[in-house]
>>> print(open('model32.cif').read())   # mmCIF, N, CA and C atoms
data_target
#
loop_
_atom_site.label_atom_id
_atom_site.label_comp_id
_atom_site.auth_asym_id
_atom_site.auth_seq_id
_atom_site.Cartn_x
_atom_site.Cartn_y
_atom_site.Cartn_z
N MET H 1 102.51 33.22 44.30
CA MET H 1 101.52 33.18 45.34
C MET H 1 100.61 34.39 45.21
N ALA H 2 99.32 34.14 45.03
CA ALA H 2 98.34 35.22 44.89
C ALA H 2 97.95 35.79 46.24
N ASN H 3 97.78 37.10 46.32
CA ASN H 3 97.31 37.76 47.52
C ASN H 3 95.94 38.35 47.20
N LEU H 4 94.89 37.65 47.65
CA LEU H 4 93.52 38.09 47.40
C LEU H 4 92.81 38.41 48.71
N ALA H 5 93.56 38.65 49.75
CA ALA H 5 93.00 38.88 51.09
C ALA H 5 91.95 39.98 51.08
N GLY H 6 90.81 39.68 51.71
CA GLY H 6 89.76 40.67 51.88
C GLY H 6 88.92 40.99 50.66
N THR H 7 89.13 40.32 49.56
CA THR H 7 88.40 40.65 48.34
C THR H 7 87.04 39.95 48.29
N ASN H 8 86.15 40.49 47.49
CA ASN H 8 84.84 39.89 47.26
C ASN H 8 84.88 39.17 45.92
N LEU H 9 84.88 37.85 45.97
CA LEU H 9 84.92 37.04 44.76
C LEU H 9 83.66 36.19 44.66
N SER H 10 82.56 36.68 45.22
CA SER H 10 81.33 35.90 45.22
C SER H 10 80.87 35.64 43.78
N ASP H 11 80.36 34.43 43.58
CA ASP H 11 79.83 33.97 42.29
C ASP H 11 80.86 33.91 41.16
N ILE H 12 82.13 33.94 41.47
CA ILE H 12 83.18 33.89 40.45
C ILE H 12 83.42 32.44 39.99
N ASN H 13 83.86 32.28 38.77
CA ASN H 13 84.19 30.97 38.23
C ASN H 13 85.70 30.77 38.31
N LEU H 14 86.12 29.86 39.22
CA LEU H 14 87.55 29.56 39.39
C LEU H 14 87.80 28.06 39.16
N ILE H 15 87.10 27.49 38.21
CA ILE H 15 87.26 26.07 37.91
C ILE H 15 88.71 25.79 37.52
N GLY H 16 89.33 24.85 38.23
CA GLY H 16 90.70 24.45 37.92
C GLY H 16 91.77 25.47 38.29
N ALA H 17 91.42 26.49 39.05
CA ALA H 17 92.39 27.54 39.40
C ALA H 17 93.51 26.99 40.27
N ASP H 18 94.72 27.49 40.06
CA ASP H 18 95.87 27.14 40.88
C ASP H 18 96.01 28.19 41.96
N LEU H 19 95.51 27.86 43.16
CA LEU H 19 95.54 28.79 44.28
C LEU H 19 96.43 28.26 45.40
N ARG H 20 97.41 27.45 45.02
CA ARG H 20 98.36 26.94 46.02
C ARG H 20 99.06 28.10 46.70
N TYR H 21 99.10 28.04 48.04
CA TYR H 21 99.77 29.03 48.88
C TYR H 21 99.15 30.43 48.79
N ALA H 22 97.99 30.58 48.18
CA ALA H 22 97.35 31.90 48.04
C ALA H 22 96.89 32.43 49.39
N ASP H 23 96.95 33.74 49.56
CA ASP H 23 96.41 34.38 50.75
C ASP H 23 94.96 34.75 50.46
N LEU H 24 94.05 33.96 51.02
CA LEU H 24 92.62 34.17 50.84
C LEU H 24 91.96 34.54 52.17
N THR H 25 92.72 35.19 53.03
CA THR H 25 92.22 35.61 54.33
C THR H 25 91.03 36.55 54.16
N GLU H 26 89.93 36.23 54.85
CA GLU H 26 88.71 37.04 54.86
C GLU H 26 88.11 37.26 53.47
N VAL H 27 88.41 36.40 52.51
CA VAL H 27 87.84 36.53 51.18
C VAL H 27 86.41 36.01 51.18
N ASP H 28 85.54 36.63 50.39
CA ASP H 28 84.16 36.20 50.25
C ASP H 28 84.01 35.47 48.92
N LEU H 29 83.84 34.16 48.99
CA LEU H 29 83.69 33.32 47.80
C LEU H 29 82.28 32.74 47.71
N THR H 30 81.31 33.37 48.35
CA THR H 30 79.95 32.87 48.36
C THR H 30 79.46 32.57 46.94
N GLY H 31 78.99 31.34 46.73
CA GLY H 31 78.44 30.94 45.45
C GLY H 31 79.45 30.73 44.34
N ALA H 32 80.74 30.81 44.62
CA ALA H 32 81.78 30.64 43.60
C ALA H 32 81.90 29.18 43.18
N ASN H 33 82.48 28.95 42.03
CA ASN H 33 82.74 27.58 41.56
C ASN H 33 84.25 27.33 41.61
N LEU H 34 84.64 26.48 42.56
CA LEU H 34 86.05 26.13 42.75
C LEU H 34 86.29 24.66 42.40
N SER H 35 85.47 24.11 41.54
CA SER H 35 85.65 22.72 41.14
C SER H 35 87.04 22.52 40.56
N ARG H 36 87.69 21.46 41.01
CA ARG H 36 89.03 21.08 40.56
C ARG H 36 90.11 22.12 40.86
N ALA H 37 89.80 23.12 41.68
CA ALA H 37 90.80 24.12 42.07
C ALA H 37 91.79 23.50 43.05
N ASN H 38 93.04 23.95 42.99
CA ASN H 38 94.07 23.47 43.90
C ASN H 38 94.32 24.55 44.95
N LEU H 39 93.88 24.26 46.19
CA LEU H 39 94.04 25.20 47.30
C LEU H 39 95.02 24.68 48.33
N THR H 40 95.98 23.88 47.88
CA THR H 40 96.99 23.33 48.78
C THR H 40 97.71 24.44 49.53
N ARG H 41 97.69 24.33 50.85
CA ARG H 41 98.35 25.28 51.76
C ARG H 41 97.92 26.73 51.59
N ALA H 42 96.73 26.95 51.03
CA ALA H 42 96.20 28.31 50.94
C ALA H 42 95.81 28.80 52.33
N ASN H 43 95.88 30.10 52.57
CA ASN H 43 95.47 30.68 53.84
C ASN H 43 94.02 31.12 53.69
N LEU H 44 93.11 30.39 54.33
CA LEU H 44 91.68 30.67 54.23
C LEU H 44 91.11 31.19 55.55
N ALA H 45 91.93 31.80 56.38
CA ALA H 45 91.47 32.28 57.68
C ALA H 45 90.27 33.21 57.51
N GLN H 46 89.18 32.88 58.20
CA GLN H 46 87.96 33.67 58.21
C GLN H 46 87.34 33.87 56.83
N ALA H 47 87.60 32.96 55.90
CA ALA H 47 87.02 33.05 54.56
C ALA H 47 85.57 32.58 54.57
N ASN H 48 84.78 33.07 53.64
CA ASN H 48 83.39 32.67 53.50
C ASN H 48 83.26 31.84 52.22
N LEU H 49 83.01 30.55 52.39
CA LEU H 49 82.84 29.65 51.26
C LEU H 49 81.42 29.07 51.23
N ASN H 50 80.45 29.82 51.71
CA ASN H 50 79.07 29.35 51.70
C ASN H 50 78.59 29.13 50.27
N ARG H 51 77.90 28.00 50.08
CA ARG H 51 77.30 27.62 48.79
C ARG H 51 78.32 27.51 47.65
N VAL H 52 79.59 27.28 47.97
CA VAL H 52 80.64 27.13 46.95
C VAL H 52 80.60 25.72 46.36
N THR H 53 80.85 25.60 45.08
CA THR H 53 80.98 24.30 44.43
C THR H 53 82.44 23.88 44.53
N LEU H 54 82.67 22.72 45.17
CA LEU H 54 84.04 22.27 45.42
C LEU H 54 84.34 20.89 44.86
N ALA H 55 83.59 20.43 43.88
CA ALA H 55 83.81 19.09 43.35
C ALA H 55 85.26 18.90 42.91
N TYR H 56 85.91 17.91 43.51
CA TYR H 56 87.29 17.53 43.19
C TYR H 56 88.32 18.62 43.50
N ALA H 57 87.97 19.60 44.32
CA ALA H 57 88.95 20.60 44.76
C ALA H 57 89.96 19.95 45.70
N ILE H 58 91.14 20.54 45.78
CA ILE H 58 92.23 19.99 46.60
C ILE H 58 92.54 20.98 47.73
N PHE H 59 92.42 20.49 48.97
CA PHE H 59 92.73 21.29 50.16
C PHE H 59 93.85 20.61 50.95
N GLU H 60 94.79 20.02 50.27
CA GLU H 60 95.86 19.27 50.93
C GLU H 60 96.69 20.19 51.82
N ASN H 61 96.87 19.79 53.09
CA ASN H 61 97.64 20.57 54.07
C ASN H 61 97.13 21.99 54.23
N THR H 62 95.81 22.16 54.14
CA THR H 62 95.19 23.47 54.27
C THR H 62 94.35 23.51 55.54
N ASP H 63 94.43 24.59 56.28
CA ASP H 63 93.63 24.75 57.50
C ASP H 63 92.28 25.33 57.10
N ILE H 64 91.23 24.48 57.18
CA ILE H 64 89.89 24.96 56.87
C ILE H 64 89.01 24.95 58.12
N SER H 65 89.64 25.07 59.28
CA SER H 65 88.90 25.00 60.54
C SER H 65 88.18 26.30 60.89
N ASP H 66 88.54 27.40 60.31
CA ASP H 66 87.98 28.70 60.69
C ASP H 66 87.27 29.38 59.52
N ILE H 67 86.64 28.56 58.66
CA ILE H 67 85.94 29.15 57.51
C ILE H 67 84.48 28.71 57.52
N SER H 68 83.65 29.47 56.84
CA SER H 68 82.24 29.15 56.75
C SER H 68 81.99 28.31 55.51
N LEU H 69 81.40 27.12 55.72
CA LEU H 69 81.14 26.18 54.63
C LEU H 69 79.67 25.75 54.60
N MET H 70 78.77 26.66 54.91
CA MET H 70 77.35 26.32 54.92
C MET H 70 76.86 26.00 53.51
N GLY H 71 76.14 24.89 53.37
CA GLY H 71 75.58 24.51 52.08
C GLY H 71 76.60 23.96 51.11
N VAL H 72 77.74 23.44 51.61
CA VAL H 72 78.81 22.93 50.75
C VAL H 72 78.90 21.42 50.87
N ASP H 73 78.99 20.74 49.75
CA ASP H 73 79.17 19.29 49.70
C ASP H 73 80.67 19.00 49.61
N LEU H 74 81.21 18.37 50.66
CA LEU H 74 82.64 18.06 50.70
C LEU H 74 82.94 16.61 50.30
N SER H 75 81.96 15.90 49.77
CA SER H 75 82.13 14.47 49.50
C SER H 75 83.16 14.16 48.42
N GLN H 76 83.43 15.04 47.51
CA GLN H 76 84.40 14.78 46.43
C GLN H 76 85.62 15.69 46.53
N VAL H 77 85.90 16.17 47.73
CA VAL H 77 87.00 17.10 47.95
C VAL H 77 88.19 16.35 48.56
N ASP H 78 89.40 16.67 48.09
CA ASP H 78 90.62 16.07 48.63
C ASP H 78 91.02 16.85 49.87
N LEU H 79 90.81 16.23 51.05
CA LEU H 79 91.13 16.85 52.32
C LEU H 79 92.34 16.19 52.97
N HIS H 80 93.22 15.60 52.17
CA HIS H 80 94.40 14.91 52.69
C HIS H 80 95.24 15.86 53.53
N CYS H 81 95.40 15.52 54.79
CA CYS H 81 96.19 16.30 55.75
C CYS H 81 95.63 17.70 56.00
N ALA H 82 94.36 17.94 55.67
CA ALA H 82 93.74 19.23 55.96
C ALA H 82 93.44 19.32 57.45
N VAL H 83 93.46 20.53 58.00
CA VAL H 83 93.14 20.77 59.40
C VAL H 83 91.65 21.06 59.48
N LEU H 84 90.92 20.22 60.23
CA LEU H 84 89.46 20.30 60.29
C LEU H 84 88.97 20.47 61.72
N ARG H 85 89.53 21.33 62.50
CA ARG H 85 89.13 21.50 63.90
C ARG H 85 87.68 21.82 64.04
#
>>> encode(input="model32.cif", output="structure tokens")
Amino acid sequence: MANLAGTNLSDINLIGADLRYADLTEVDLTGANLSRANLTRANLAQANLNRVTLAYAIFENTDISDISLMGVDLSQVDLHCAVLR
């Protein structure tokens, strides 16, 4: 389990990254590419995912209710059992 809490990962390439159960609390991923990344059960509390590429990313059983997703296309994202408050 990766602990990346509070880090600035803006514009990073994380295509296909395995981020299952990762602590991404307050992480800044602005403009990052998370296509095909697996974020199952990752902690994204207060994360910034503005303008992130998420094609075919997996957010299964992940709480994404408290993150910023401005300018993000979620049409090809796996949100199975995701929390979307």
>>> atom_distance(input="model32.cif", atom1="atom CA of Asn33 of chain H", atom2="atom CA of Arg85 of chain H")
24.0 Å
>>> residues_around(input="model32.cif", residues="Asp78 of chain H", least_positions_apart="6", cutoff="6.5 Å", atoms="all atoms listed in the file", output="list in words")
Tyr56, Ala57, Ile58, Phe59 and Glu60 of chain H
>>> resolve_selection(input="model32.cif", expression="the PyMOL selection byres ((chain H and resi 50-55) around 6)", output="ChimeraX atom specification")
/H:29-36,48-49,56-57,68-72,76-77
>>> resolve_selection(input="model32.cif", expression="the PyMOL selection byres (((chain H and resi 9 and name CA) around 6) and name CA)", output="list in words")
Asn8, Ser10, Ile12, Asp28 and Leu29 of chain H
>>> residues_near_point(input="model32.cif", point="(96.3, 32.0, 57.0)", cutoff="10 Å", atoms="only C-alpha atoms", output="ChimeraX atom specification")
/H:5,21-26,41-47,62-64,66
>>> atom_distance(input="model32.cif", atom1="atom C of Ile67 of chain H", atom2="atom C of Val83 of chain H")
10.7 Å
>>> atom_distance(input="model32.cif", atom1="atom N of Asn61 of chain H", atom2="atom CA of Leu39 of chain H")
8.4 Å
>>> closest_residue(input="model32.cif", among="H:Leu79, H:Val27, H:Met1, H:Ala37", to="Leu14 of chain H", atoms="only C-alpha atoms")
H:Ala37
>>> resolve_selection(input="model32.cif", expression="the PyMOL selection byres ((chain H and resi 18) around 6)", output="list in words")
Gly16, Ala17, Leu19, Arg20, Ala37 and Asn38 of chain H
